[in-house]
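What's in entry32.cif: mmCIF, N, CA and C atoms
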data_upload
loop_
_atom_site.label_atom_id
_atom_site.label_comp_id
_atom_site.auth_asym_id
_atom_site.auth_seq_id
_atom_site.Cartn_x
_atom_site.Cartn_y
_atom_site.Cartn_z
N MET A 1 6.63 12.53 7.03
CA MET A 1 5.89 11.51 7.77
C MET A 1 4.41 11.65 7.45
N ALA A 2 3.78 10.56 7.16
CA ALA A 2 2.37 10.56 6.80
C ALA A 2 1.51 10.66 8.05
N ASN A 3 0.39 11.34 7.93
CA ASN A 3 -0.53 11.38 9.05
C ASN A 3 -1.52 10.22 8.92
N ASP A 4 -2.36 10.04 9.92
CA ASP A 4 -3.31 8.92 9.93
C ASP A 4 -4.24 8.95 8.74
N GLN A 5 -4.68 10.14 8.32
CA GLN A 5 -5.58 10.25 7.18
C GLN A 5 -4.90 9.76 5.90
N ASP A 6 -3.63 10.12 5.74
CA ASP A 6 -2.88 9.65 4.57
C ASP A 6 -2.77 8.14 4.57
N GLU A 7 -2.40 7.59 5.71
CA GLU A 7 -2.28 6.13 5.82
C GLU A 7 -3.62 5.46 5.54
N ASN A 8 -4.68 5.99 6.11
CA ASN A 8 -6.01 5.40 5.91
C ASN A 8 -6.39 5.39 4.44
N ALA A 9 -6.14 6.49 3.74
CA ALA A 9 -6.50 6.59 2.32
C ALA A 9 -5.73 5.56 1.50
N VAL A 10 -4.45 5.41 1.79
CA VAL A 10 -3.62 4.46 1.05
C VAL A 10 -4.06 3.03 1.34
N PHE A 11 -4.23 2.69 2.61
CA PHE A 11 -4.62 1.32 2.95
C PHE A 11 -6.03 0.99 2.46
N LEU A 12 -6.92 1.96 2.48
CA LEU A 12 -8.27 1.73 1.95
C LEU A 12 -8.21 1.44 0.46
N ALA A 13 -7.39 2.18 -0.26
CA ALA A 13 -7.25 1.94 -1.70
C ALA A 13 -6.64 0.57 -1.96
N LEU A 14 -5.70 0.16 -1.13
CA LEU A 14 -5.03 -1.13 -1.33
C LEU A 14 -5.82 -2.31 -0.78
N ALA A 15 -6.96 -2.05 -0.16
CA ALA A 15 -7.76 -3.13 0.41
C ALA A 15 -8.41 -4.00 -0.67
N ASP A 16 -8.51 -3.48 -1.86
CA ASP A 16 -9.17 -4.21 -2.95
C ASP A 16 -8.13 -4.96 -3.79
N PRO A 17 -8.36 -6.25 -4.09
CA PRO A 17 -7.39 -7.02 -4.87
C PRO A 17 -7.18 -6.50 -6.29
N THR A 18 -8.20 -5.94 -6.91
CA THR A 18 -8.04 -5.38 -8.25
C THR A 18 -7.08 -4.20 -8.21
N ARG A 19 -7.24 -3.34 -7.21
CA ARG A 19 -6.36 -2.17 -7.12
C ARG A 19 -4.93 -2.58 -6.78
N ARG A 20 -4.77 -3.62 -5.94
CA ARG A 20 -3.41 -4.10 -5.66
C ARG A 20 -2.77 -4.65 -6.93
N ALA A 21 -3.57 -5.33 -7.75
CA ALA A 21 -3.04 -5.86 -9.02
C ALA A 21 -2.63 -4.72 -9.95
N VAL A 22 -3.38 -3.64 -9.96
CA VAL A 22 -3.03 -2.48 -10.79
C VAL A 22 -1.70 -1.90 -10.31
N ILE A 23 -1.53 -1.76 -9.00
CA ILE A 23 -0.28 -1.24 -8.44
C ILE A 23 0.88 -2.15 -8.85
N ARG A 24 0.68 -3.46 -8.74
CA ARG A 24 1.70 -4.43 -9.15
C ARG A 24 2.06 -4.27 -10.63
N ALA A 25 1.03 -4.10 -11.45
CA ALA A 25 1.24 -3.95 -12.89
C ALA A 25 2.00 -2.66 -13.23
N LEU A 26 1.85 -1.65 -12.41
CA LEU A 26 2.53 -0.37 -12.66
C LEU A 26 3.95 -0.36 -12.11
N GLY A 27 4.35 -1.39 -11.39
CA GLY A 27 5.70 -1.47 -10.84
C GLY A 27 6.79 -1.26 -11.87
N PRO A 28 6.72 -1.94 -13.02
CA PRO A 28 7.77 -1.76 -14.03
C PRO A 28 7.75 -0.40 -14.72
N GLY A 29 6.60 0.25 -14.72
CA GLY A 29 6.52 1.56 -15.38
C GLY A 29 5.10 1.90 -15.76
N PRO A 30 4.89 3.09 -16.34
CA PRO A 30 3.55 3.54 -16.72
C PRO A 30 2.86 2.58 -17.70
N ALA A 31 1.54 2.61 -17.66
CA ALA A 31 0.74 1.78 -18.57
C ALA A 31 -0.57 2.49 -18.85
N SER A 32 -1.15 2.18 -19.99
CA SER A 32 -2.45 2.78 -20.33
C SER A 32 -3.55 2.07 -19.54
N VAL A 33 -4.67 2.77 -19.38
CA VAL A 33 -5.82 2.17 -18.70
C VAL A 33 -6.25 0.90 -19.43
N GLY A 34 -6.23 0.93 -20.76
CA GLY A 34 -6.61 -0.24 -21.54
C GLY A 34 -5.72 -1.44 -21.25
N GLU A 35 -4.42 -1.20 -21.16
CA GLU A 35 -3.48 -2.28 -20.84
C GLU A 35 -3.73 -2.82 -19.44
N LEU A 36 -3.97 -1.92 -18.51
CA LEU A 36 -4.21 -2.34 -17.13
C LEU A 36 -5.52 -3.09 -16.97
N ALA A 37 -6.54 -2.70 -17.75
CA ALA A 37 -7.87 -3.31 -17.63
C ALA A 37 -7.96 -4.68 -18.29
N GLN A 38 -7.07 -4.96 -19.23
CA GLN A 38 -7.15 -6.17 -20.04
C GLN A 38 -7.31 -7.47 -19.23
N PRO A 39 -6.56 -7.69 -18.15
CA PRO A 39 -6.69 -8.98 -17.45
C PRO A 39 -7.96 -9.14 -16.62
N PHE A 40 -8.76 -8.10 -16.51
CA PHE A 40 -9.93 -8.15 -15.62
C PHE A 40 -11.22 -8.33 -16.39
N ALA A 41 -12.07 -9.19 -15.87
CA ALA A 41 -13.37 -9.45 -16.49
C ALA A 41 -14.39 -8.45 -15.95
N MET A 42 -14.23 -7.20 -16.36
CA MET A 42 -15.19 -6.17 -15.95
C MET A 42 -15.25 -5.12 -17.05
N THR A 43 -16.31 -4.35 -17.01
CA THR A 43 -16.47 -3.29 -18.00
C THR A 43 -15.46 -2.18 -17.71
N LEU A 44 -15.16 -1.40 -18.72
CA LEU A 44 -14.22 -0.30 -18.55
C LEU A 44 -14.72 0.73 -17.52
N PRO A 45 -16.03 1.08 -17.52
CA PRO A 45 -16.49 2.00 -16.48
C PRO A 45 -16.29 1.45 -15.06
N SER A 46 -16.49 0.16 -14.88
CA SER A 46 -16.25 -0.45 -13.56
C SER A 46 -14.78 -0.39 -13.20
N PHE A 47 -13.92 -0.68 -14.18
CA PHE A 47 -12.49 -0.63 -13.94
C PHE A 47 -12.04 0.80 -13.61
N MET A 48 -12.64 1.77 -14.27
CA MET A 48 -12.28 3.17 -14.03
C MET A 48 -12.55 3.59 -12.59
N LYS A 49 -13.53 2.98 -11.95
CA LYS A 49 -13.78 3.28 -10.53
C LYS A 49 -12.56 2.92 -9.69
N HIS A 50 -11.89 1.83 -10.04
CA HIS A 50 -10.67 1.44 -9.33
C HIS A 50 -9.55 2.43 -9.61
N ILE A 51 -9.45 2.86 -10.86
CA ILE A 51 -8.42 3.85 -11.22
C ILE A 51 -8.65 5.14 -10.45
N HIS A 52 -9.90 5.58 -10.37
CA HIS A 52 -10.22 6.81 -9.64
C HIS A 52 -9.90 6.66 -8.16
N ALA A 53 -10.19 5.51 -7.58
CA ALA A 53 -9.89 5.28 -6.16
C ALA A 53 -8.38 5.36 -5.92
N LEU A 54 -7.60 4.77 -6.80
CA LEU A 54 -6.15 4.83 -6.66
C LEU A 54 -5.63 6.26 -6.86
N GLU A 55 -6.23 6.95 -7.79
CA GLU A 55 -5.85 8.34 -8.04
C GLU A 55 -6.22 9.24 -6.85
N ASP A 56 -7.42 9.04 -6.31
CA ASP A 56 -7.87 9.83 -5.15
C ASP A 56 -6.98 9.61 -3.93
N SER A 57 -6.44 8.40 -3.80
CA SER A 57 -5.57 8.10 -2.66
C SER A 57 -4.16 8.64 -2.88
N GLY A 58 -3.87 9.06 -4.12
CA GLY A 58 -2.55 9.57 -4.44
C GLY A 58 -1.55 8.51 -4.85
N LEU A 59 -1.99 7.26 -4.94
CA LEU A 59 -1.07 6.18 -5.30
C LEU A 59 -0.68 6.19 -6.78
N ILE A 60 -1.56 6.70 -7.62
CA ILE A 60 -1.23 6.82 -9.04
C ILE A 60 -1.60 8.21 -9.54
N ARG A 61 -0.97 8.58 -10.64
CA ARG A 61 -1.33 9.80 -11.37
C ARG A 61 -1.72 9.36 -12.77
N THR A 62 -2.65 10.07 -13.36
CA THR A 62 -3.03 9.76 -14.74
C THR A 62 -2.82 11.01 -15.60
N SER A 63 -2.53 10.74 -16.85
CA SER A 63 -2.42 11.83 -17.82
C SER A 63 -3.08 11.34 -19.11
N LYS A 64 -3.60 12.28 -19.87
CA LYS A 64 -4.31 11.91 -21.09
C LYS A 64 -3.61 12.53 -22.29
N SER A 65 -3.38 11.70 -23.29
CA SER A 65 -2.81 12.16 -24.55
C SER A 65 -3.71 11.63 -25.65
N GLY A 66 -4.48 12.51 -26.25
CA GLY A 66 -5.47 12.06 -27.23
C GLY A 66 -6.55 11.25 -26.53
N ARG A 67 -6.73 10.02 -26.98
CA ARG A 67 -7.75 9.15 -26.38
C ARG A 67 -7.16 8.17 -25.37
N VAL A 68 -5.85 8.26 -25.14
CA VAL A 68 -5.18 7.29 -24.26
C VAL A 68 -4.88 7.93 -22.90
N ARG A 69 -5.39 7.29 -21.86
CA ARG A 69 -5.10 7.72 -20.49
C ARG A 69 -4.03 6.79 -19.93
N THR A 70 -2.92 7.39 -19.49
CA THR A 70 -1.79 6.64 -18.97
C THR A 70 -1.70 6.81 -17.46
N CYS A 71 -1.44 5.70 -16.78
CA CYS A 71 -1.31 5.71 -15.33
C CYS A 71 0.15 5.54 -14.94
N THR A 72 0.56 6.27 -13.90
CA THR A 72 1.92 6.21 -13.38
C THR A 72 1.84 6.03 -11.87
N LEU A 73 2.63 5.11 -11.36
CA LEU A 73 2.69 4.86 -9.93
C LEU A 73 3.43 5.99 -9.24
N ASP A 74 2.89 6.47 -8.12
CA ASP A 74 3.59 7.46 -7.30
C ASP A 74 4.31 6.68 -6.20
N ARG A 75 5.57 6.39 -6.42
CA ARG A 75 6.35 5.57 -5.50
C ARG A 75 6.52 6.22 -4.13
N ASP A 76 6.58 7.55 -4.10
CA ASP A 76 6.69 8.24 -2.81
C ASP A 76 5.45 8.01 -1.97
N ARG A 77 4.32 8.05 -2.61
CA ARG A 77 3.05 7.84 -1.89
C ARG A 77 2.94 6.38 -1.42
N LEU A 78 3.41 5.46 -2.24
CA LEU A 78 3.39 4.05 -1.88
C LEU A 78 4.32 3.78 -0.70
N ALA A 79 5.31 4.63 -0.51
CA ALA A 79 6.24 4.48 0.61
C ALA A 79 5.55 4.60 1.95
N VAL A 80 4.34 5.19 1.99
CA VAL A 80 3.56 5.27 3.23
C VAL A 80 3.38 3.86 3.81
N VAL A 81 3.16 2.89 2.93
CA VAL A 81 2.97 1.51 3.37
C VAL A 81 4.27 0.98 3.98
N GLY A 82 5.38 1.22 3.31
CA GLY A 82 6.67 0.76 3.81
C GLY A 82 7.01 1.36 5.16
N HIS A 83 6.75 2.65 5.32
CA HIS A 83 7.03 3.31 6.59
C HIS A 83 6.17 2.72 7.71
N TRP A 84 4.91 2.47 7.42
CA TRP A 84 4.02 1.90 8.43
C TRP A 84 4.50 0.50 8.81
N LEU A 85 4.86 -0.30 7.81
CA LEU A 85 5.36 -1.65 8.09
C LEU A 85 6.66 -1.62 8.90
N ASP A 86 7.55 -0.69 8.57
CA ASP A 86 8.80 -0.56 9.33
C ASP A 86 8.52 -0.23 10.79
N GLU A 87 7.57 0.67 11.00
CA GLU A 87 7.21 1.05 12.37
C GLU A 87 6.65 -0.15 13.13
N GLN A 88 5.76 -0.90 12.49
CA GLN A 88 5.18 -2.07 13.14
C GLN A 88 6.24 -3.14 13.41
N ARG A 89 7.16 -3.31 12.48
CA ARG A 89 8.24 -4.28 12.65
C ARG A 89 9.08 -3.93 13.87
N ARG A 90 9.40 -2.63 14.03
CA ARG A 90 10.18 -2.20 15.20
C ARG A 90 9.44 -2.48 16.50
N VAL A 91 8.16 -2.20 16.53
CA VAL A 91 7.36 -2.44 17.73
C VAL A 91 7.40 -3.92 18.10
N TRP A 92 7.16 -4.78 17.13
CA TRP A 92 7.10 -6.22 17.41
C TRP A 92 8.48 -6.80 17.70
N GLU A 93 9.52 -6.29 17.08
CA GLU A 93 10.87 -6.76 17.41
C GLU A 93 11.24 -6.38 18.84
N ASP A 94 10.86 -5.16 19.27
CA ASP A 94 11.10 -4.75 20.65
C ASP A 94 10.37 -5.68 21.62
N ARG A 95 9.14 -6.01 21.29
CA ARG A 95 8.36 -6.89 22.17
C ARG A 95 8.96 -8.28 22.25
N THR A 96 9.38 -8.82 21.12
CA THR A 96 9.96 -10.16 21.15
C THR A 96 11.34 -10.14 21.82
N ASP A 97 12.09 -9.03 21.68
CA ASP A 97 13.37 -8.92 22.38
C ASP A 97 13.16 -8.93 23.89
N ARG A 98 12.14 -8.21 24.36
CA ARG A 98 11.84 -8.20 25.80
C ARG A 98 11.41 -9.59 26.26
N LEU A 99 10.61 -10.26 25.47
CA LEU A 99 10.19 -11.62 25.82
C LEU A 99 11.39 -12.56 25.87
N ASP A 100 12.28 -12.44 24.89
CA ASP A 100 13.50 -13.26 24.88
C ASP A 100 14.31 -13.05 26.15
N SER A 101 14.46 -11.79 26.56
CA SER A 101 15.25 -11.52 27.77
C SER A 101 14.56 -12.07 29.01
N LEU A 102 13.24 -12.02 29.05
CA LEU A 102 12.50 -12.59 30.18
C LEU A 102 12.65 -14.11 30.23
N MET A 103 12.62 -14.72 29.07
CA MET A 103 12.71 -16.17 29.00
C MET A 103 14.13 -16.68 29.21
N ALA A 104 15.13 -15.85 28.93
CA ALA A 104 16.53 -16.27 29.04
C ALA A 104 16.91 -16.54 30.50
N ASP A 105 16.47 -15.69 31.40
CA ASP A 105 16.82 -15.87 32.81
C ASP A 105 15.62 -15.50 33.67
N PRO A 106 14.67 -16.42 33.82
CA PRO A 106 13.44 -16.10 34.58
C PRO A 106 13.72 -15.77 36.04
N GLU A 107 14.76 -16.33 36.63
CA GLU A 107 15.10 -16.05 38.05
C GLU A 107 15.48 -14.60 38.23
N GLU A 108 16.21 -14.07 37.27
CA GLU A 108 16.71 -12.69 37.36
C GLU A 108 15.56 -11.68 37.26
N ASN A 109 14.49 -12.05 36.61
CA ASN A 109 13.39 -11.12 36.33
C ASN A 109 12.25 -11.22 37.35
N ARG A 110 12.49 -11.86 38.48
CA ARG A 110 11.43 -11.97 39.50
C ARG A 110 11.44 -10.81 40.43
#
Translate this file's structure into structure tokens.
Amino acid sequence: MANDQDENAVFLALADPTRRAVIRALGPGPASVGELAQPFAMTLPSFMKHIHALEDSGLIRTSKSGRVRTCTLDRDRLAVVGHWLDEQRRVWEDRTDRLDSLMADPEENR
């Protein structure tokens, strides 16, 4: 189970649309920084700031072979988002279930 600091780091990293696009691009498998940077109109040093933010949050890992840096998605770390969403879904489903029961028979609930 992730703690609040873990969740905060992941959500902060995912707050940026460029970083979300990088995560999406890594879904099918590892890719080089050059491949990931290609669709973005920014310099490589600017793009690397996004890579470092994702790496610092633990969402991706990078490895270097020669001059090529390859990024890999850490799916376990990304699961922090899924767990948080599942928790929120349960909370809101419980609330709507209670509302449904109140609305079903208002006389009984007085």
Name the residues of region 47-109 of chain A that fall into alpha helix (DSSP H) according to DSSP on the backbone, using the chain letters and numbers of this document, as a PyMOL selection string. chain A and resi 47-57+75-104
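Residue membership of the PyMOL selection byres (((chain A and resi 77 and name CA) around 12) and name CA) in the shown file amounts to A:Met1, A:Ala2, A:Asp6, A:Glu7, A:Ala9, A:Val10, A:Phe11, A:Ala13, A:Ile23, A:Leu54, A:Glu55, A:Asp56, A:Ser57, A:Gly58, A:Leu59, A:Ile60, A:Arg61, A:Thr72, A:Leu73, A:Asp74, A:Arg75, A:Asp76, A:Leu78, A:Ala79, A:Val80, A:Val81, A:Gly82, A:His83, A:Trp84.
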Given the PyMOL selection byres (((chain A and resi 63 and name CA) around 12) and name CA) and the file above, list the residues it selects as a ChimeraX atom specification. /A:30-33,51,55,60-62,64-73
Would you give me, as a CSV table (one decimal) with N, CA and C atoms, in the frame of the given file, the residues in region 2-108 of chain A that DSSP reads as strand (DSSP E or B)?
chain,number,residue,atom,x,y,z
A,31,ALA,N,1.5,2.6,-17.7
A,31,ALA,CA,0.7,1.8,-18.6
A,31,ALA,C,-0.6,2.5,-18.8
A,32,SER,N,-1.2,2.2,-20.0
A,32,SER,CA,-2.4,2.8,-20.3
A,32,SER,C,-3.6,2.1,-19.5
A,60,ILE,N,-1.6,6.7,-7.6
A,60,ILE,CA,-1.2,6.8,-9.0
A,60,ILE,C,-1.6,8.2,-9.5
A,61,ARG,N,-1.0,8.6,-10.6
A,61,ARG,CA,-1.3,9.8,-11.4
A,61,ARG,C,-1.7,9.4,-12.8
A,62,THR,N,-2.6,10.1,-13.4
A,62,THR,CA,-3.0,9.8,-14.7
A,62,THR,C,-2.8,11.0,-15.6
A,63,SER,N,-2.5,10.7,-16.8
A,63,SER,CA,-2.4,11.8,-17.8
A,63,SER,C,-3.1,11.3,-19.1
A,64,LYS,N,-3.6,12.3,-19.9
A,64,LYS,CA,-4.3,11.9,-21.1
A,64,LYS,C,-3.6,12.5,-22.3
A,65,SER,N,-3.4,11.7,-23.3
A,65,SER,CA,-2.8,12.2,-24.6
A,65,SER,C,-3.7,11.6,-25.6
A,68,VAL,N,-5.8,8.3,-25.1
A,68,VAL,CA,-5.2,7.3,-24.3
A,68,VAL,C,-4.9,7.9,-22.9
A,69,ARG,N,-5.4,7.3,-21.9
A,69,ARG,CA,-5.1,7.7,-20.5
A,69,ARG,C,-4.0,6.8,-19.9
A,70,THR,N,-2.9,7.4,-19.5
A,70,THR,CA,-1.8,6.6,-19.0
A,70,THR,C,-1.7,6.8,-17.5
A,71,CYS,N,-1.4,5.7,-16.8
A,71,CYS,CA,-1.3,5.7,-15.3
A,71,CYS,C,0.2,5.5,-14.9
A,72,THR,N,0.6,6.3,-13.9
A,72,THR,CA,1.9,6.2,-13.4
A,72,THR,C,1.8,6.0,-11.9
A,73,LEU,N,2.6,5.1,-11.4
A,73,LEU,CA,2.7,4.9,-9.9
A,73,LEU,C,3.4,6.0,-9.2
Which one is closest to Pro17 (chain A): A:Glu93, A:Gly29, A:Gln5, A:Phe40? Count only C-alpha atoms. A:Phe40
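From CA of Arg19 (chain A) back to atom N of Asn3 (chain A), the distance works out to 21.3 Å.
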Report, in Å to a single decimal, how far apart CA of Gly27 (chain A) and CA of His52 (chain A) are.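 Value for the CA of His52 (chain A)-CA of Gly27 (chain A) distance: 18.0 Å.
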Computed interatomic separation between atom N of Phe47 (chain A) and CA of Gly34 (chain A) (Å): 10.4 Å
I'd like to know which of A:Ala15, A:Val22, A:Met103, A:Ala53 is closest to Ala37 (chain A), using only N, CA and C atoms.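 Using only N, CA and C atoms, Ala37 (chain A) sits closest to A:Val22.
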Can you tell me, as AutoDock Vina command-line options, the centre and edge lengths (Å, one decimal) of the axis-aligned box enclosing all of region 56-74 of chain A's listed atoms after padding each side by 4 Å?
--center_x -1.8 --center_y 8.7 --center_z -14.9 --size_x 20.2 --size_y 15.7 --size_z 32.6
